[in-house]
Amino acid sequence: MSYQNRNDIFPGLEVEIILKKDQRSGKRTKGIVKDLLTSSAFHSRGIKVRLEDGQVGRVIEIID
């Protein structure tokens with residue numbers, strides 16, 4: 001599964017994201033996907049999602 005393909009990301013999936021404010025530091029935030037915000041099928045920097053706690057960022061890793 002790839003964090004860059006929209007088809008691999010779905011609500012309920014546990015992921016690690018990078019928030020906009022953490023892009024320089026690379027700090028990761030773990031959570032459960034609530035909504036997919038990227039409409040295109042592929043995004044080179046990761047699909048943008050909203051977590052169940054309301055935080056928004058790009059997926060950088062899918063947790064199995």
# chains A, B, ... in the order shown; residues from 1 in each chain; ligands from 1

$ residues_around --residues "Lys34 in chain A" --least-positions-apart "5" --cutoff "9 Å" --atoms "only C-alpha atoms" --output "mmCIF file with C-alpha atoms, in the first residue's frame"
data_model
loop_
_atom_site.group_PDB
_atom_site.id
_atom_site.type_symbol
_atom_site.label_atom_id
_atom_site.label_comp_id
_atom_site.auth_asym_id
_atom_site.auth_seq_id
_atom_site.Cartn_x
_atom_site.Cartn_y
_atom_site.Cartn_z
ATOM 1 C CA PHE A 10 -9.791 5.071 3.585
ATOM 2 C CA PRO A 11 -11.722 6.128 6.708
ATOM 3 C CA GLY A 12 -10.837 4.034 9.753
ATOM 4 C CA LEU A 13 -7.247 3.410 8.637
ATOM 5 C CA VAL A 49 -6.551 13.672 5.275
ATOM 6 C CA ARG A 50 -8.490 14.803 8.341
ATOM 7 C CA LEU A 51 -8.025 12.610 11.399
ATOM 8 C CA GLU A 52 -10.846 11.723 13.812
ATOM 9 C CA ASP A 53 -9.507 14.345 16.257
ATOM 10 C CA GLY A 54 -9.793 17.064 13.567
#

$ residues_around --residues "Val56 in chain A" --least-positions-apart "5" --cutoff "10 Å" --atoms "only C-alpha atoms" --output "count of residues only"
14

$ residues_around --residues "Ile63 in chain A" --least-positions-apart "5" --cutoff "10 Å" --atoms "only C-alpha atoms" --output "list in words"
Leu13, Glu14, Val15, Glu16, Lys30, Gly31 and Ile32 of chain A

$ closest_residue --among "A:Asp22, A:Arg6, A:Asp64, A:Val59" --to "Arg45 in chain A" --atoms "only C-alpha atoms"
A:Val59
